[in-house]
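Chemist: File entry07.cif follows (mmCIF, C-alpha atoms and all ligand atoms):
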data_target
loop_
_atom_site.label_atom_id
_atom_site.label_comp_id
_atom_site.auth_asym_id
_atom_site.auth_seq_id
_atom_site.Cartn_x
_atom_site.Cartn_y
_atom_site.Cartn_z
CA MET A 1 0.00 0.00 0.00
CA ARG A 2 1.58 3.23 -1.15
CA SER A 3 0.05 6.60 -1.92
CA VAL A 4 1.92 9.40 -3.67
CA ARG A 5 0.48 12.89 -3.59
CA ILE A 6 1.88 15.47 -5.96
CA SER A 7 0.90 19.10 -5.54
CA GLY A 8 1.65 22.47 -7.01
CA ILE A 9 0.19 25.33 -8.97
CA LEU A 10 -1.47 25.47 -12.37
CA GLU A 11 -1.01 28.82 -14.10
CA THR A 12 -2.83 29.87 -17.26
CA ILE A 13 -0.36 31.04 -19.92
CA GLY A 14 -2.96 31.80 -22.60
CA ARG A 15 -6.74 32.12 -22.49
CA VAL A 16 -8.47 28.95 -21.25
CA HIS A 17 -12.06 27.85 -21.71
CA VAL A 18 -13.47 25.02 -19.63
CA GLY A 19 -17.17 25.10 -20.39
CA SER A 20 -20.10 24.50 -18.11
CA GLY A 21 -21.11 21.63 -20.36
CA ASN A 22 -24.51 22.98 -21.46
CA ALA A 23 -24.06 22.49 -25.19
CA GLU A 24 -20.96 23.69 -26.98
CA ALA A 25 -22.24 27.04 -28.11
CA ASN A 26 -20.87 27.97 -31.51
CA PHE A 27 -23.95 29.49 -33.05
CA GLU A 28 -25.05 33.03 -33.58
CA GLY A 29 -26.39 34.77 -30.53
CA SER A 30 -25.28 32.00 -28.17
CA GLU A 31 -22.73 32.19 -25.40
CA SER A 32 -20.33 29.64 -24.03
CA VAL A 33 -19.80 30.16 -20.30
CA LEU A 34 -17.16 28.85 -17.91
CA ILE A 35 -17.88 26.19 -15.33
CA ARG A 36 -17.82 27.76 -11.86
CA ILE A 37 -17.39 26.85 -8.22
CA LYS A 38 -18.58 28.77 -5.17
CA MET A 39 -15.77 30.40 -3.19
CA GLY A 40 -16.86 32.54 -0.30
CA ASN A 41 -19.73 34.56 -1.70
CA ILE A 42 -18.72 34.47 -5.34
CA ASP A 43 -18.71 31.98 -8.17
CA LEU A 44 -15.29 31.63 -9.76
CA PRO A 45 -14.14 29.56 -12.73
CA TYR A 46 -12.20 26.37 -12.00
CA ILE A 47 -10.86 23.34 -13.83
CA PRO A 48 -12.65 20.14 -12.81
CA GLY A 49 -10.47 17.12 -12.02
CA SER A 50 -12.69 15.03 -14.27
CA SER A 51 -11.78 17.11 -17.30
CA LEU A 52 -8.07 16.89 -16.46
CA LYS A 53 -8.42 13.15 -16.04
CA GLY A 54 -9.84 12.87 -19.55
CA ILE A 55 -6.88 14.84 -20.90
CA PHE A 56 -4.36 12.70 -18.99
CA ARG A 57 -5.94 9.44 -20.13
CA SER A 58 -6.20 10.35 -23.81
CA SER A 59 -2.67 11.79 -23.79
CA ILE A 60 -1.29 8.61 -22.22
CA GLU A 61 -3.11 6.47 -24.77
CA PHE A 62 -1.60 8.61 -27.50
CA ILE A 63 1.92 8.32 -26.03
CA LEU A 64 1.58 4.53 -25.67
CA LYS A 65 0.33 4.13 -29.23
CA SER A 66 3.13 6.27 -30.62
CA LEU A 67 5.66 4.07 -28.76
CA GLY A 68 4.05 0.91 -30.06
CA ILE A 69 3.00 -0.19 -26.56
CA TYR A 70 -0.38 -1.90 -26.45
CA THR A 71 -3.34 0.04 -25.10
CA CYS A 72 -6.94 -1.12 -25.40
CA MET A 73 -8.41 2.39 -25.87
CA LEU A 74 -11.41 1.04 -23.91
CA ALA A 75 -12.53 -1.03 -26.93
CA ARG A 76 -15.44 -3.24 -25.99
CA ARG A 77 -13.91 -6.46 -27.25
CA SER A 78 -10.38 -5.92 -25.96
CA SER A 79 -8.28 -8.15 -23.74
CA CYS A 80 -8.83 -5.59 -20.95
CA SER A 81 -12.61 -6.01 -21.08
CA GLU A 82 -12.07 -9.81 -20.74
CA ILE A 83 -9.65 -9.24 -17.86
CA SER A 84 -12.17 -6.86 -16.27
CA LYS A 85 -14.71 -9.70 -16.17
CA GLU A 86 -12.13 -11.98 -14.51
CA ILE A 87 -11.39 -9.24 -11.96
CA SER A 88 -15.06 -8.83 -11.07
CA TYR A 89 -15.41 -12.64 -10.60
CA ALA A 90 -12.25 -12.69 -8.49
CA THR A 91 -13.54 -9.71 -6.47
CA ARG A 92 -16.81 -11.56 -5.83
CA ASP A 93 -14.80 -14.61 -4.69
CA LYS A 94 -12.45 -12.39 -2.64
CA ASN A 95 -9.52 -14.03 -4.44
CA VAL A 96 -6.84 -11.41 -3.81
CA GLU A 97 -4.09 -13.41 -5.50
CA LYS A 98 -6.11 -13.72 -8.70
CA ILE A 99 -7.11 -10.04 -8.65
CA ARG A 100 -3.44 -9.07 -8.40
CA HIS A 101 -2.51 -11.45 -11.21
CA GLU A 102 -5.24 -10.17 -13.53
CA ILE A 103 -4.51 -6.48 -12.86
CA ASN A 104 -0.94 -7.14 -14.00
CA ASN A 105 -2.32 -8.19 -17.41
CA LEU A 106 -4.28 -4.98 -18.01
CA CYS A 107 -2.92 -2.48 -20.51
CA ILE A 108 -1.02 0.46 -19.03
CA ALA A 109 -3.87 2.97 -19.51
CA CYS A 110 -6.33 0.67 -17.70
CA LYS A 111 -3.75 -0.06 -14.97
CA ILE A 112 -3.55 3.66 -14.29
CA PHE A 113 -7.10 4.87 -14.91
CA GLY A 114 -9.15 1.74 -14.41
CA GLY A 115 -11.65 0.04 -16.65
CA LEU A 116 -15.01 -1.63 -16.38
CA SER A 117 -14.55 -3.41 -13.07
CA TYR A 118 -11.33 -1.90 -11.90
CA SER A 119 -11.29 1.56 -10.37
CA SER A 120 -8.75 4.25 -11.12
CA ASN A 121 -5.47 4.41 -9.22
CA VAL A 122 -5.17 8.08 -10.00
CA THR A 123 -7.23 10.91 -8.55
CA LEU A 124 -6.98 14.31 -10.20
CA TYR A 125 -8.46 16.93 -7.89
CA ASP A 126 -10.41 19.98 -9.02
CA CYS A 127 -8.07 22.89 -9.74
CA ILE A 128 -9.66 25.66 -7.71
CA PRO A 129 -8.36 29.25 -7.56
CA ILE A 130 -5.54 29.65 -5.00
CA ASP A 131 -7.45 32.64 -3.59
CA LEU A 132 -10.31 34.95 -4.50
CA ALA A 133 -8.06 37.36 -6.40
CA ALA A 134 -6.06 34.71 -8.27
CA VAL A 135 -8.39 34.33 -11.23
CA LYS A 136 -9.42 36.85 -13.89
CA PHE A 137 -11.90 36.09 -16.64
CA ASP A 138 -13.53 37.78 -19.58
CA THR A 139 -15.73 37.26 -22.60
CA ALA A 140 -14.66 37.57 -26.20
CA PRO A 141 -16.57 37.27 -29.45
CA GLY A 142 -16.12 34.16 -31.57
CA ILE A 143 -17.00 33.59 -35.18
CA ALA A 144 -20.33 31.88 -35.53
CA ILE A 145 -20.72 28.69 -37.53
CA ASN A 146 -23.67 28.15 -39.83
CA ARG A 147 -25.84 25.59 -38.10
CA ILE A 148 -26.81 23.91 -41.35
CA ASP A 149 -23.68 23.55 -43.46
CA GLY A 150 -20.89 24.32 -41.01
CA THR A 151 -19.58 27.35 -42.91
CA THR A 152 -18.76 30.55 -41.06
CA MET A 153 -21.37 33.26 -41.20
CA GLY A 154 -20.33 36.79 -42.06
CA GLY A 155 -20.69 38.98 -39.03
CA GLY A 156 -22.27 36.23 -36.96
CA ILE A 157 -21.19 36.53 -33.36
CA PHE A 158 -21.32 34.29 -30.31
CA THR A 159 -19.44 34.94 -27.13
CA VAL A 160 -16.90 32.77 -25.37
CA GLU A 161 -16.06 33.28 -21.77
CA HIS A 162 -12.46 32.49 -20.91
CA ILE A 163 -10.03 32.52 -17.99
CA ASN A 164 -7.33 35.14 -18.60
CA PRO A 165 -3.59 34.40 -18.70
CA GLY A 166 -1.87 34.76 -15.34
CA SER A 167 -4.60 33.08 -13.28
CA PHE A 168 -3.50 30.65 -10.57
CA PHE A 169 -5.10 27.39 -9.44
CA ASN A 170 -4.14 24.67 -7.01
CA PHE A 171 -3.06 21.45 -8.70
CA GLN A 172 -3.10 18.08 -6.96
CA ILE A 173 -2.91 14.48 -8.07
CA LYS A 174 -2.96 11.32 -5.92
CA ILE A 175 -1.48 8.07 -7.19
CA ASP A 176 -2.13 4.81 -5.37
CA ASN A 177 0.02 1.69 -5.71
CA LEU A 178 1.50 2.48 -9.08
CA PRO A 179 5.17 1.82 -9.85
CA ASN A 180 7.53 4.78 -10.28
CA TYR A 181 7.73 4.31 -14.04
CA LEU A 182 3.98 4.86 -14.41
CA ILE A 183 4.21 7.95 -12.19
CA GLY A 184 6.92 8.95 -14.68
CA LEU A 185 4.43 8.53 -17.51
CA LEU A 186 2.00 10.86 -15.71
CA PHE A 187 4.85 13.36 -15.30
CA ASN A 188 5.48 13.02 -19.03
CA VAL A 189 1.95 14.37 -19.60
CA ILE A 190 2.69 17.31 -17.26
CA TYR A 191 5.88 17.92 -19.26
CA LEU A 192 3.89 18.03 -22.54
CA ILE A 193 1.27 20.32 -20.96
CA ASN A 194 4.08 22.68 -19.93
CA LYS A 195 5.45 22.61 -23.50
CA ASN A 196 1.89 23.51 -24.64
CA VAL A 197 1.83 20.38 -26.80
CA ILE A 198 -1.21 19.34 -24.75
CA LEU A 199 -3.89 22.01 -24.31
CA ILE A 200 -6.57 22.24 -21.61
CA GLY A 201 -10.30 22.77 -22.13
CA GLY A 202 -12.25 23.74 -25.23
CA LYS A 203 -11.76 26.04 -28.22
CA LYS A 204 -8.28 24.58 -28.78
CA ARG A 205 -8.49 25.29 -32.50
CA ALA A 206 -8.83 28.96 -31.63
CA GLY A 207 -5.55 28.63 -29.74
CA LEU A 208 -6.98 28.47 -26.23
CA GLY A 209 -5.78 26.13 -23.49
CA GLN A 210 -2.12 26.90 -22.73
CA VAL A 211 -1.24 26.30 -19.09
CA LYS A 212 1.85 25.56 -17.00
CA ILE A 213 2.00 23.23 -14.01
CA LEU A 214 4.61 23.88 -11.34
CA ILE A 215 5.21 20.99 -8.95
CA ASP A 216 6.50 21.95 -5.52
CA LYS A 217 5.66 19.02 -3.30
CA ILE A 218 5.68 15.21 -3.37
CA GLU A 219 4.33 13.28 -0.39
CA VAL A 220 4.81 9.54 -0.12
CA LYS A 221 2.61 7.66 2.34
CA LYS A 222 3.06 4.00 3.20
CA LEU A 223 1.40 1.96 5.92
CA GLU A 224 4.33 2.36 8.28
CA ASP A 225 5.66 5.79 7.42
CA SER A 226 5.44 8.87 5.28
CA ASP A 227 7.97 11.21 3.75
CA VAL A 228 7.73 14.51 1.97
CA ILE A 229 9.83 16.67 -0.33
CA ASP A 230 8.58 20.24 -0.39
CA TYR A 231 10.17 23.27 -2.03
CA LYS A 232 8.95 25.49 0.79
CA SER A 233 10.62 23.50 3.53
CA LEU A 234 13.54 22.03 1.59
CA ILE A 235 16.13 23.99 3.55
CA ASP A 236 14.97 22.27 6.76
CA HIS A 237 15.03 18.76 5.31
CA PRO A 238 17.29 16.70 7.56
CA SER A 239 18.76 14.29 5.00
CA GLU A 240 21.01 14.59 1.96
CA THR A 241 18.83 12.56 -0.39
CA PHE A 242 15.15 11.85 -0.86
CA LYS A 243 14.34 8.41 -2.19
CA ILE A 244 11.07 7.15 -3.61
CA SER A 245 11.56 3.38 -3.72
CA SER A 246 10.51 1.24 -6.65
CA ILE A 247 7.39 -0.84 -6.17
CA SER A 248 7.97 -4.58 -5.97
CA GLY A 249 6.07 -6.79 -8.34
CA GLY A 250 6.94 -4.58 -11.28
CA ASN A 251 8.78 -7.57 -12.84
CA GLY A 252 12.05 -5.90 -11.90
CA VAL A 253 11.48 -3.07 -14.38
CA ASP A 254 10.71 -0.40 -11.81
CA ARG A 255 13.46 1.82 -10.41
CA ASP A 256 14.05 4.03 -7.40
CA VAL A 257 13.77 7.77 -7.89
CA ILE A 258 16.47 9.55 -5.90
CA PHE A 259 16.76 13.30 -5.45
CA ASN A 260 19.97 14.95 -4.34
CA LEU A 261 18.71 17.53 -1.85
CA THR A 262 22.02 19.39 -1.66
CA GLU A 263 21.64 20.13 -5.38
CA LEU A 264 17.92 20.87 -5.15
CA LYS A 265 18.45 23.41 -2.38
CA GLN A 266 20.34 25.62 -4.87
CA LYS A 267 17.46 25.67 -7.32
CA SER A 268 14.71 28.17 -8.04
CA ARG A 269 11.12 27.04 -7.65
CA GLU A 270 10.86 26.55 -11.40
CA GLU A 271 14.09 24.54 -11.59
CA PHE A 272 13.01 22.46 -8.59
CA SER A 273 9.76 21.54 -10.36
CA GLN A 274 11.65 20.70 -13.55
CA ALA A 275 14.05 18.45 -11.62
CA LEU A 276 11.15 16.49 -10.08
CA ILE A 277 9.54 16.07 -13.50
CA ASN A 278 12.81 15.04 -15.18
CA ASN A 279 13.79 12.47 -12.56
CA PHE A 280 10.45 10.69 -12.81
CA MET A 281 10.37 10.90 -16.60
CA GLU A 282 13.77 9.22 -16.71
CA VAL A 283 12.34 6.13 -14.97
CA TRP A 284 9.62 6.02 -17.61
CA SER A 285 12.20 6.34 -20.43
CA LYS A 286 14.23 3.49 -18.94
CA PHE A 287 11.08 1.37 -18.87
CA VAL A 288 10.41 2.16 -22.54
CA GLU A 289 13.99 1.12 -23.38
CA THR A 290 13.53 -2.27 -21.72
CA LYS A 291 10.33 -2.74 -23.78
CA LYS A 292 12.26 -2.15 -27.00
CA ASN A 293 15.05 -4.66 -26.22
ZN ZN A 301 -6.94 -1.42 -21.30
#
Could you spell out this file's structure in structure tokens?

Modeler:
Amino acid sequence: MRSVRISGILETIGRVHVGSGNAEANFEGSESVLIRIKMGNIDLPYIPGSSLKGIFRSSIEFILKSLGIYTCMLARRSSCSEISKEISYATRDKNVEKIRHEINNLCIACKIFGGLSYSSNVTLYDCIPIDLAAVKFDTAPGIAINRIDGTTMGGGIFTVEHINPGSFFNFQIKIDNLPNYLIGLLFNVIYLINKNVILIGGKKRAGLGQVKILIDKIEVKKLEDSDVIDYKSLIDHPSETFKISSISGGNGVDRDVIFNLTELKQKSREEFSQALINNFMEVWSKFVETKKN
């Protein structure tokens, strides 16, 4: 039993639109509003964890496919849907050994995010504004699409509400019982988000959705103990290194992630975040290499 909690800040670099879900409004006279959450007495825009989870899953499926690593893409007649049935039988029979064996056979995307009878090992929390003044938002006109033939209509206007650049949200992700190399794959998605290869929310074709995620804390909780590496209290950390041990049962492919705290203490907050991302991504790269050989 191991739980890894990664937290930091999500900053909007460009305009971002995460809609309230009531119909994608692209037509004349319509408006596309932001999803909101109540904070104090006001409703502020936020980024739901569920929408981030969708982005992480589809990005990971894309990465796996591009590397030639099998992923079932949640196809109905995939090996994972067969394995899911076996897991639900084994769960009914309380056959822990069989459950563990079957989970090992799931594709990587299902191992991380779950499938039909197997729940997700990853929780992406709602990104809510870090405080009441941290988020600015606005509306802008879009170009309306003809409802009938999909062409643009001259002068047709609908409005899109968006979060402005320079807004700040809390970011948090919890990962249960996954090996370090799969945490590395999740970090790979964060890396691609920061490179703006992966965009957040809607209206991506209009160039919206650029964000940056800064990681400043990793907390590792096991049954017997817990350990934390935190940019804010790094100076006070008693040891020279911080080690996140590999998870056993990874067929020997998993590796420890070790941070040199003496080096990290010299770094800016940005560099610190980058170092955490790089170290985990390296474990993922090493895993990919072993797959190729
Ligand atoms: Zn699968």

Chemist: Closest to Leu116 in chain A among A:Leu178, A:Leu192, A:Ile83, A:Val18, using all atoms listed in the file?

Modeler: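 Of A:Leu178, A:Leu192, A:Ile83, A:Val18, the one nearest Leu116 in chain A is A:Ile83, counting all atoms listed in the file.
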
Chemist: Using all atoms listed in the file, what are the residues with an atom within 6 Å of ligand ZN 301 (chain A), set out as a compact mmCIF listing (two decimals) with C-alpha atoms, in the frame of the given file?

Modeler:
# COMPACT_ATOMS: atom_id res chain seq x y z
CA THR A 71 -3.34 0.04 -25.10
CA CYS A 72 -6.94 -1.12 -25.40
CA LEU A 74 -11.41 1.04 -23.91
CA CYS A 80 -8.83 -5.59 -20.95
CA LEU A 106 -4.28 -4.98 -18.01
CA CYS A 107 -2.92 -2.48 -20.51
CA ALA A 109 -3.87 2.97 -19.51
CA CYS A 110 -6.33 0.67 -17.70

Chemist: Using only C-alpha atoms, find the one residue out of A:Asn177, A:Ser167, A:Ser117, A:Asn188 that sits nearest to Ile60 in chain A.

Modeler: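 Residue with the minimum atom-to-atom distance to Ile60 in chain A: A:Asn188.
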
Chemist: From the options A:Ala140, A:Ala75, A:Ile35, A:Cys127, which residue's atoms come nearest to Arg15 in chain A, counting only C-alpha atoms?

Modeler: A:Ala140

Chemist: Which is closer to Asp126 in chain A than all the others in A:Leu52, A:Leu199, A:Leu67, A:Ile229, using only C-alpha atoms?

Modeler: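 Using only C-alpha atoms, the shortest distance to Asp126 in chain A belongs to A:Leu52.
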
Chemist: Suppose you want the space between CA of Lys212 in chain A and CA of Asn194 in chain A; what is it in Å?

Modeler: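 Value for the CA of Lys212 in chain A-CA of Asn194 in chain A distance: 4.7 Å.
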
Chemist: Could you list, as a ChimeraX atom specification, every residue within 12 Å of Ser51 in chain A, counting all atoms listed in the file and ignoring same-chain residues fewer than 2 positions away?

Modeler: /A:17-21,35,46-49,53-58,123-127,199-202

Chemist: Taking all atoms of range 31-35 of chain A that appear in the file, build a box with edges along x, y and z, extend it by 4 Å on every side, and state its centre and edge lengths in Å to one decimal, as lines of an AutoDock Vina configuration file.

Modeler:
center_x = -19.9
center_y = 29.2
center_z = -20.4
size_x = 13.6
size_y = 14.0
size_z = 18.1

Chemist: May I ask for the distance between CA of Ile37 in chain A and CA of Phe137 in chain A, given in Å to one decimal place?

Modeler: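 These two atoms are separated by 13.7 Å.
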
Chemist: What does the distance between CA of Val220 in chain A and CA of Arg2 in chain A come to in Å, to one decimal place?

Modeler: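 Straight-line distance from CA of Val220 in chain A to CA of Arg2 in chain A works out to 7.2 Å.
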
Chemist: Kindly provide the residues of range 8-88 of chain A that approach range 267-289 of chain A to within 10 Å, each paired with its closest atom pair and their distance in Å to one decimal, based on only C-alpha atoms, listed by chain and increasing number, as a Markdown table.

Modeler:
| residue | atom | partner | partner_atom | distance |
| --- | --- | --- | --- | --- |
| A:Gly8 | CA | A:Ser273 | CA | 8.8 |
| A:Leu64 | CA | A:Val288 | CA | 9.7 |
| A:Leu67 | CA | A:Val288 | CA | 8.1 |
| A:Gly68 | CA | A:Val288 | CA | 9.9 |
| A:Ile69 | CA | A:Val288 | CA | 8.8 |

Chemist: For Thr159 in chain A, which residue among A:Thr139, A:Gln210, A:Leu182, A:Asn196 is the nearest when counting only C-alpha atoms?

Modeler: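 Checking each of A:Thr139, A:Gln210, A:Leu182, A:Asn196 against Thr159 in chain A, counting only C-alpha atoms, the winner is A:Thr139.
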
Chemist: Please reconstruct the missing atoms of range 77-101 of chain A (target: N, CA and C atoms) and return them as a CSV table (one decimal), keeping the file's coordinate frame.

Modeler:
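Writing the result to result_30.csv gives the following:
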chain,number,residue,atom,x,y,z
A,77,ARG,N,-14.4,-5.1,-27.2
A,77,ARG,CA,-13.9,-6.5,-27.2
A,77,ARG,C,-12.4,-6.5,-27.2
A,78,SER,N,-11.8,-5.9,-26.1
A,78,SER,CA,-10.4,-5.9,-26.0
A,78,SER,C,-10.0,-6.9,-24.9
A,79,SER,N,-8.7,-7.2,-24.8
A,79,SER,CA,-8.3,-8.2,-23.7
A,79,SER,C,-8.6,-7.6,-22.4
A,80,CYS,N,-8.5,-6.2,-22.2
A,80,CYS,CA,-8.8,-5.6,-21.0
A,80,CYS,C,-10.3,-5.8,-20.5
A,81,SER,N,-11.2,-5.8,-21.5
A,81,SER,CA,-12.6,-6.0,-21.1
A,81,SER,C,-12.8,-7.5,-20.6
A,82,GLU,N,-12.0,-8.4,-21.2
A,82,GLU,CA,-12.1,-9.8,-20.7
A,82,GLU,C,-11.5,-9.9,-19.3
A,83,ILE,N,-10.3,-9.2,-19.2
A,83,ILE,CA,-9.6,-9.2,-17.9
A,83,ILE,C,-10.5,-8.6,-16.8
A,84,SER,N,-11.3,-7.5,-17.2
A,84,SER,CA,-12.2,-6.9,-16.3
A,84,SER,C,-13.2,-7.8,-15.7
A,85,LYS,N,-13.7,-8.7,-16.6
A,85,LYS,CA,-14.7,-9.7,-16.2
A,85,LYS,C,-14.1,-10.6,-15.1
A,86,GLU,N,-12.8,-11.1,-15.4
A,86,GLU,CA,-12.1,-12.0,-14.5
A,86,GLU,C,-11.9,-11.3,-13.2
A,87,ILE,N,-11.6,-10.0,-13.2
A,87,ILE,CA,-11.4,-9.2,-12.0
A,87,ILE,C,-12.7,-9.2,-11.2
A,88,SER,N,-13.8,-8.9,-11.8
A,88,SER,CA,-15.1,-8.8,-11.1
A,88,SER,C,-15.5,-10.2,-10.5
A,89,TYR,N,-15.2,-11.3,-11.2
A,89,TYR,CA,-15.4,-12.6,-10.6
A,89,TYR,C,-14.5,-12.8,-9.4
A,90,ALA,N,-13.2,-12.5,-9.6
A,90,ALA,CA,-12.2,-12.7,-8.5
A,90,ALA,C,-12.6,-11.8,-7.3
A,91,THR,N,-13.1,-10.6,-7.6
A,91,THR,CA,-13.5,-9.7,-6.5
A,91,THR,C,-14.7,-10.3,-5.7
A,92,ARG,N,-15.7,-10.9,-6.4
A,92,ARG,CA,-16.8,-11.6,-5.8
A,92,ARG,C,-16.3,-12.7,-4.9
A,93,ASP,N,-15.3,-13.5,-5.4
A,93,ASP,CA,-14.8,-14.6,-4.7
A,93,ASP,C,-13.7,-14.2,-3.7
A,94,LYS,N,-13.5,-12.9,-3.6
A,94,LYS,CA,-12.4,-12.4,-2.6
A,94,LYS,C,-11.1,-13.1,-2.8
A,95,ASN,N,-10.8,-13.4,-4.1
A,95,ASN,CA,-9.5,-14.0,-4.4
A,95,ASN,C,-8.4,-13.0,-4.8
A,96,VAL,N,-7.8,-12.5,-3.7
A,96,VAL,CA,-6.8,-11.4,-3.8
A,96,VAL,C,-5.7,-11.7,-4.8
A,97,GLU,N,-5.2,-13.0,-4.7
A,97,GLU,CA,-4.1,-13.4,-5.5
A,97,GLU,C,-4.4,-13.3,-7.0
A,98,LYS,N,-5.7,-13.8,-7.3
A,98,LYS,CA,-6.1,-13.7,-8.7
A,98,LYS,C,-6.3,-12.3,-9.2
A,99,ILE,N,-6.9,-11.4,-8.3
A,99,ILE,CA,-7.1,-10.0,-8.6
A,99,ILE,C,-5.8,-9.4,-9.0
A,100,ARG,N,-4.8,-9.7,-8.2
A,100,ARG,CA,-3.4,-9.1,-8.4
A,100,ARG,C,-2.9,-9.6,-9.7
A,101,HIS,N,-3.0,-10.9,-10.0
A,101,HIS,CA,-2.5,-11.4,-11.2
A,101,HIS,C,-3.2,-10.8,-12.4
